[in-house]
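> Take this structure, written in structure tokens, and hold onto it; I'll ask about it next.
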Amino acid sequence: MTESAFVKKTKIFSHSLQADVVKNLLAYDEIESTNSTAKQLASAGAEHGTVVLAKTQSQGRGRFDRTWESPEGGVYLSIILRPQVSAEQTSLLAFVAGLAVAHTIRSYGLPAMIKWPNDVRVHHKKIAGMLLESELVNQTVTFLIVGVGINLNIESTAFSNEIQSQSTSVAVELGSPVEFYEFLTRLLLQFDTWYQQFLEKQYDQILSHWKTASDTLGKPVRIQTKGDTLEGIAIGIDKQGFLRLQTKRGETKTIMSGDCLYLRET
Ligand code: BTN
């Protein structure tokens, strides 16, 4: 089968990329989900640092079994990691990914902010999301998939009516598209930098940068977890990246993961 222009270009790009964490970059024109493909590859033994990139996804997945709309022009990628750390420590990898995405978007002059746990927004609209999935054996992580979806060169009209008013893209915000491989270079180099800090166990550094890049702390929020809805003020983040919430009753709750809605934007 002949290779598409996207696959060819990505191969050439991967040879010039100097990000330590990227060992192998696999490009596809269309697959169901880069996370699903990365999971299958990892289960079959794919090495740490394998990156799966797709031009478009037919069944892109978001958190809580939502669909991730994946029109052409977006960045859809998943990184297979096999870090030699305990399962507890891996929760900070969501912060590593969030910092990489937010800083990359900021490098284009856009005021990207992280919304706990895994969203990146610009002007209160979602521009990127992350989906982390892992396989554990006896409390040890055998592999972890960091899935990243970024609305890059996407027109607002390419989103469904359902999400159009809450979504934006880099091109919409800048008023013109950006060069795809330049963006990808910046993103993977950013990921490399933050991942290096993670390997060096600079957890406090990661947390403190995350707090600066996030607008969640101090806000009144509603958190939807798998079985509960909680409201209160987001008062802190603990060492594992869990949210500390002060409820109206004055109790402090620690929340591992959930959907976060700001009850007030400012
Ligand atoms: C969310 O905000 O709910 C997370 C969205 C994550 C989407 C990305 S796109 C690349 C990777 N493959 C998927 O199927 N999902 C993630």
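Note on naming: chains are A, B, ... as they come in the structure tokens, residues start from 1 per chain, ligands start from 1 in the order shown.
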Near A:Trp194, counting only C-alpha atoms, which residues have an atom at most 10 Å away, once you skip same-chain residues fewer than 4 positions from it, shown as a list of chain:residue names?

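Listing them by chain and then by number gives A:Leu93, A:Phe95, A:Val96, A:Ala97, A:Gly98, A:Leu99, A:Ala100, A:Leu189, A:Gln190, A:Phe198, A:Leu199, A:Glu200, A:Gln202, A:Gln205, A:Ile206.
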
> Residues of chain A that approach ligand 1 to 9 Å or less, counting only C-alpha atoms and all ligand atoms: could you list each one with the shortest pair of atoms and its distance in Å to one decimal, rows by chain and increasing residue number, as JSON lines?


{"residue": "A:Glu32", "atom": "CA", "partner": "ligand 1", "partner_atom_place_in_ligand_line": "14 (O)", "distance": 7.3}
{"residue": "A:Ser33", "atom": "CA", "partner": "ligand 1", "partner_atom_place_in_ligand_line": "14 (O)", "distance": 4.0}
{"residue": "A:Thr34", "atom": "CA", "partner": "ligand 1", "partner_atom_place_in_ligand_line": "12 (N)", "distance": 4.3}
{"residue": "A:Asn35", "atom": "CA", "partner": "ligand 1", "partner_atom_place_in_ligand_line": "12 (N)", "distance": 4.2}
{"residue": "A:Ser36", "atom": "CA", "partner": "ligand 1", "partner_atom_place_in_ligand_line": "14 (O)", "distance": 6.5}
{"residue": "A:Thr37", "atom": "CA", "partner": "ligand 1", "partner_atom_place_in_ligand_line": "12 (N)", "distance": 8.6}
{"residue": "A:Ala38", "atom": "CA", "partner": "ligand 1", "partner_atom_place_in_ligand_line": "12 (N)", "distance": 8.7}
{"residue": "A:Val52", "atom": "CA", "partner": "ligand 1", "partner_atom_place_in_ligand_line": "10 (C)", "distance": 8.8}
{"residue": "A:Leu53", "atom": "CA", "partner": "ligand 1", "partner_atom_place_in_ligand_line": "10 (C)", "distance": 7.9}
{"residue": "A:Ala54", "atom": "CA", "partner": "ligand 1", "partner_atom_place_in_ligand_line": "10 (C)", "distance": 8.1}
{"residue": "A:Gln57", "atom": "CA", "partner": "ligand 1", "partner_atom_place_in_ligand_line": "14 (O)", "distance": 7.3}
{"residue": "A:Ser58", "atom": "CA", "partner": "ligand 1", "partner_atom_place_in_ligand_line": "14 (O)", "distance": 8.9}
{"residue": "A:Gln59", "atom": "CA", "partner": "ligand 1", "partner_atom_place_in_ligand_line": "14 (O)", "distance": 6.5}
{"residue": "A:Gly60", "atom": "CA", "partner": "ligand 1", "partner_atom_place_in_ligand_line": "14 (O)", "distance": 3.6}
{"residue": "A:Arg61", "atom": "CA", "partner": "ligand 1", "partner_atom_place_in_ligand_line": "14 (O)", "distance": 3.6}
{"residue": "A:Gly62", "atom": "CA", "partner": "ligand 1", "partner_atom_place_in_ligand_line": "3 (O)", "distance": 3.3}
{"residue": "A:Arg63", "atom": "CA", "partner": "ligand 1", "partner_atom_place_in_ligand_line": "3 (O)", "distance": 3.7}
{"residue": "A:Phe64", "atom": "CA", "partner": "ligand 1", "partner_atom_place_in_ligand_line": "3 (O)", "distance": 7.0}
{"residue": "A:Asp65", "atom": "CA", "partner": "ligand 1", "partner_atom_place_in_ligand_line": "3 (O)", "distance": 8.0}
{"residue": "A:Arg66", "atom": "CA", "partner": "ligand 1", "partner_atom_place_in_ligand_line": "3 (O)", "distance": 6.5}
{"residue": "A:Thr67", "atom": "CA", "partner": "ligand 1", "partner_atom_place_in_ligand_line": "3 (O)", "distance": 7.7}
{"residue": "A:Trp68", "atom": "CA", "partner": "ligand 1", "partner_atom_place_in_ligand_line": "7 (C)", "distance": 5.5}
{"residue": "A:Glu69", "atom": "CA", "partner": "ligand 1", "partner_atom_place_in_ligand_line": "7 (C)", "distance": 8.2}
{"residue": "A:Ser70", "atom": "CA", "partner": "ligand 1", "partner_atom_place_in_ligand_line": "9 (S)", "distance": 7.2}
{"residue": "A:Gly74", "atom": "CA", "partner": "ligand 1", "partner_atom_place_in_ligand_line": "9 (S)", "distance": 8.7}
{"residue": "A:Val75", "atom": "CA", "partner": "ligand 1", "partner_atom_place_in_ligand_line": "9 (S)", "distance": 7.2}
{"residue": "A:Tyr76", "atom": "CA", "partner": "ligand 1", "partner_atom_place_in_ligand_line": "10 (C)", "distance": 4.0}
{"residue": "A:Leu77", "atom": "CA", "partner": "ligand 1", "partner_atom_place_in_ligand_line": "10 (C)", "distance": 4.6}
{"residue": "A:Ser78", "atom": "CA", "partner": "ligand 1", "partner_atom_place_in_ligand_line": "11 (C)", "distance": 5.6}
{"residue": "A:Asn118", "atom": "CA", "partner": "ligand 1", "partner_atom_place_in_ligand_line": "2 (O)", "distance": 6.4}
{"residue": "A:Asp119", "atom": "CA", "partner": "ligand 1", "partner_atom_place_in_ligand_line": "2 (O)", "distance": 5.7}
{"residue": "A:Val120", "atom": "CA", "partner": "ligand 1", "partner_atom_place_in_ligand_line": "2 (O)", "distance": 8.5}
{"residue": "A:Lys126", "atom": "CA", "partner": "ligand 1", "partner_atom_place_in_ligand_line": "2 (O)", "distance": 8.4}
{"residue": "A:Ala128", "atom": "CA", "partner": "ligand 1", "partner_atom_place_in_ligand_line": "2 (O)", "distance": 6.6}
{"residue": "A:Gly129", "atom": "CA", "partner": "ligand 1", "partner_atom_place_in_ligand_line": "2 (O)", "distance": 3.5}
{"residue": "A:Met130", "atom": "CA", "partner": "ligand 1", "partner_atom_place_in_ligand_line": "4 (C)", "distance": 4.1}
{"residue": "A:Leu131", "atom": "CA", "partner": "ligand 1", "partner_atom_place_in_ligand_line": "6 (C)", "distance": 4.5}
{"residue": "A:Leu132", "atom": "CA", "partner": "ligand 1", "partner_atom_place_in_ligand_line": "16 (C)", "distance": 8.1}
{"residue": "A:Ile145", "atom": "CA", "partner": "ligand 1", "partner_atom_place_in_ligand_line": "11 (C)", "distance": 8.9}
{"residue": "A:Val146", "atom": "CA", "partner": "ligand 1", "partner_atom_place_in_ligand_line": "11 (C)", "distance": 7.6}
{"residue": "A:Gly147", "atom": "CA", "partner": "ligand 1", "partner_atom_place_in_ligand_line": "11 (C)", "distance": 4.0}
{"residue": "A:Val148", "atom": "CA", "partner": "ligand 1", "partner_atom_place_in_ligand_line": "8 (C)", "distance": 4.3}
{"residue": "A:Gly149", "atom": "CA", "partner": "ligand 1", "partner_atom_place_in_ligand_line": "9 (S)", "distance": 3.6}
{"residue": "A:Ile150", "atom": "CA", "partner": "ligand 1", "partner_atom_place_in_ligand_line": "9 (S)", "distance": 7.2}

> So which one's closest to A:Gly241, A:Ser160, A:Thr254, A:Thr225, A:Gln196? Using only C-alpha atoms, please.

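Going through A:Ser160, A:Thr254, A:Thr225, A:Gln196 one by one, the smallest distance to A:Gly241 is for A:Thr254.
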
> Using DSSP secondary structure from the backbone, list all strand (DSSP E or B) positions within stretch 85-245 of chain A, as a PyMOL selection string.

chain A and resi 86+112-115+119-122+125-137+140-150+167+214+220-224+229-237+243-245

> Using only C-alpha atoms, determine which residues lie at most 12 Å from A:Phe159, disregarding the query and same-chain residues fewer than 2 positions distant; provide the list as an mmCIF file with N, CA, C and O atoms, in the first residue's frame.


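Contents of around-v3.cif, as written:
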data_model
loop_
_atom_site.group_PDB
_atom_site.id
_atom_site.type_symbol
_atom_site.label_atom_id
_atom_site.label_comp_id
_atom_site.auth_asym_id
_atom_site.auth_seq_id
_atom_site.Cartn_x
_atom_site.Cartn_y
_atom_site.Cartn_z
ATOM 1 N N THR A 67 -17.499 11.115 23.733
ATOM 2 C CA THR A 67 -16.853 11.095 22.421
ATOM 3 C C THR A 67 -15.918 12.296 22.341
ATOM 4 O O THR A 67 -16.253 13.367 22.856
ATOM 5 N N TRP A 68 -14.762 12.121 21.734
ATOM 6 C CA TRP A 68 -13.888 13.268 21.473
ATOM 7 C C TRP A 68 -13.960 13.544 19.981
ATOM 8 O O TRP A 68 -13.472 12.764 19.165
ATOM 9 N N GLU A 69 -14.604 14.651 19.633
ATOM 10 C CA GLU A 69 -14.757 14.969 18.211
ATOM 11 C C GLU A 69 -13.374 15.223 17.620
ATOM 12 O O GLU A 69 -12.595 16.000 18.165
ATOM 13 N N SER A 70 -13.097 14.553 16.499
ATOM 14 C CA SER A 70 -11.725 14.558 15.974
ATOM 15 C C SER A 70 -11.651 14.898 14.494
ATOM 16 O O SER A 70 -11.183 14.102 13.672
ATOM 17 N N PRO A 71 -12.135 16.097 14.104
ATOM 18 C CA PRO A 71 -12.028 16.457 12.683
ATOM 19 C C PRO A 71 -10.584 16.690 12.277
ATOM 20 O O PRO A 71 -9.727 16.927 13.131
ATOM 21 N N GLU A 72 -10.321 16.640 10.974
ATOM 22 C CA GLU A 72 -8.962 16.924 10.478
ATOM 23 C C GLU A 72 -8.525 18.297 10.938
ATOM 24 O O GLU A 72 -9.340 19.216 11.028
ATOM 25 N N GLY A 73 -7.247 18.430 11.207
ATOM 26 C CA GLY A 73 -6.730 19.731 11.653
ATOM 27 C C GLY A 73 -6.374 19.716 13.121
ATOM 28 O O GLY A 73 -5.661 20.591 13.603
ATOM 29 N N GLY A 74 -6.870 18.705 13.841
ATOM 30 C CA GLY A 74 -6.544 18.610 15.269
ATOM 31 C C GLY A 74 -5.283 17.780 15.485
ATOM 32 O O GLY A 74 -4.786 17.123 14.566
ATOM 33 N N LYS A 126 -12.918 25.275 25.899
ATOM 34 C CA LYS A 126 -12.002 24.125 25.878
ATOM 35 C C LYS A 126 -11.244 24.064 24.553
ATOM 36 O O LYS A 126 -11.834 24.141 23.479
ATOM 37 N N ILE A 127 -9.926 23.902 24.677
ATOM 38 C CA ILE A 127 -9.073 23.833 23.487
ATOM 39 C C ILE A 127 -8.342 22.494 23.429
ATOM 40 O O ILE A 127 -7.893 22.075 22.365
ATOM 41 N N ASN A 151 -7.423 20.948 19.834
ATOM 42 C CA ASN A 151 -8.096 21.595 18.707
ATOM 43 C C ASN A 151 -7.108 22.597 18.117
ATOM 44 O O ASN A 151 -6.927 23.680 18.658
ATOM 45 N N ASN A 153 -5.951 23.345 14.114
ATOM 46 C CA ASN A 153 -6.437 24.097 12.945
ATOM 47 C C ASN A 153 -7.863 23.664 12.607
ATOM 48 O O ASN A 153 -8.112 23.037 11.591
ATOM 49 N N ILE A 154 -8.766 23.974 13.495
ATOM 50 C CA ILE A 154 -10.163 23.554 13.322
ATOM 51 C C ILE A 154 -11.064 24.790 13.366
ATOM 52 O O ILE A 154 -10.951 25.623 14.263
ATOM 53 N N GLU A 155 -11.947 24.883 12.366
ATOM 54 C CA GLU A 155 -12.936 25.975 12.338
ATOM 55 C C GLU A 155 -14.032 25.650 13.349
ATOM 56 O O GLU A 155 -14.359 24.469 13.526
ATOM 57 N N SER A 156 -14.645 26.661 13.939
ATOM 58 C CA SER A 156 -15.724 26.407 14.918
ATOM 59 C C SER A 156 -16.834 25.554 14.326
ATOM 60 O O SER A 156 -17.426 24.721 15.010
ATOM 61 N N THR A 157 -17.101 25.790 13.028
ATOM 62 C CA THR A 157 -18.224 25.079 12.395
ATOM 63 C C THR A 157 -17.946 23.579 12.250
ATOM 64 O O THR A 157 -18.866 22.812 11.965
ATOM 65 N N ASN A 161 -23.038 21.035 17.114
ATOM 66 C CA ASN A 161 -23.761 22.095 17.839
ATOM 67 C C ASN A 161 -23.628 21.936 19.335
ATOM 68 O O ASN A 161 -23.576 22.910 20.077
ATOM 69 N N GLU A 162 -23.555 20.677 19.755
ATOM 70 C CA GLU A 162 -23.519 20.362 21.181
ATOM 71 C C GLU A 162 -22.320 21.007 21.891
ATOM 72 O O GLU A 162 -22.449 21.457 23.022
ATOM 73 N N ILE A 163 -21.179 21.027 21.216
ATOM 74 C CA ILE A 163 -19.977 21.527 21.901
ATOM 75 C C ILE A 163 -19.452 22.850 21.328
ATOM 76 O O ILE A 163 -18.512 23.425 21.863
ATOM 77 N N GLN A 164 -20.100 23.312 20.245
ATOM 78 C CA GLN A 164 -19.568 24.490 19.540
ATOM 79 C C GLN A 164 -19.366 25.709 20.443
ATOM 80 O O GLN A 164 -18.329 26.361 20.383
ATOM 81 N N SER A 165 -20.346 25.976 21.301
ATOM 82 C CA SER A 165 -20.247 27.208 22.094
ATOM 83 C C SER A 165 -19.217 27.103 23.217
ATOM 84 O O SER A 165 -18.740 28.109 23.723
ATOM 85 N N GLN A 166 -18.861 25.863 23.601
ATOM 86 C CA GLN A 166 -17.875 25.722 24.692
ATOM 87 C C GLN A 166 -16.487 25.370 24.188
ATOM 88 O O GLN A 166 -15.587 25.129 24.988
ATOM 89 N N SER A 167 -16.325 25.265 22.852
ATOM 90 C CA SER A 167 -15.029 24.825 22.325
ATOM 91 C C SER A 167 -14.384 25.912 21.478
ATOM 92 O O SER A 167 -15.062 26.720 20.850
ATOM 93 N N THR A 168 -13.076 25.866 21.438
ATOM 94 C CA THR A 168 -12.352 26.768 20.541
ATOM 95 C C THR A 168 -11.135 26.021 20.011
ATOM 96 O O THR A 168 -10.909 24.854 20.356
ATOM 97 N N SER A 169 -10.384 26.679 19.142
ATOM 98 C CA SER A 169 -9.173 26.048 18.610
ATOM 99 C C SER A 169 -8.067 27.098 18.542
ATOM 100 O O SER A 169 -8.330 28.304 18.647
#

> When you draw a straight line from atom CA of A:Ala112 to atom CA of A:Thr50, how long is it in Å?

26.9 Å

> When you count only C-alpha atoms, which of these residues is closest to A:Glu47: A:Tyr262, A:Phe143, A:Tyr195, A:Tyr203?

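Checking each candidate against A:Glu47, we get A:Phe143 as the closest.
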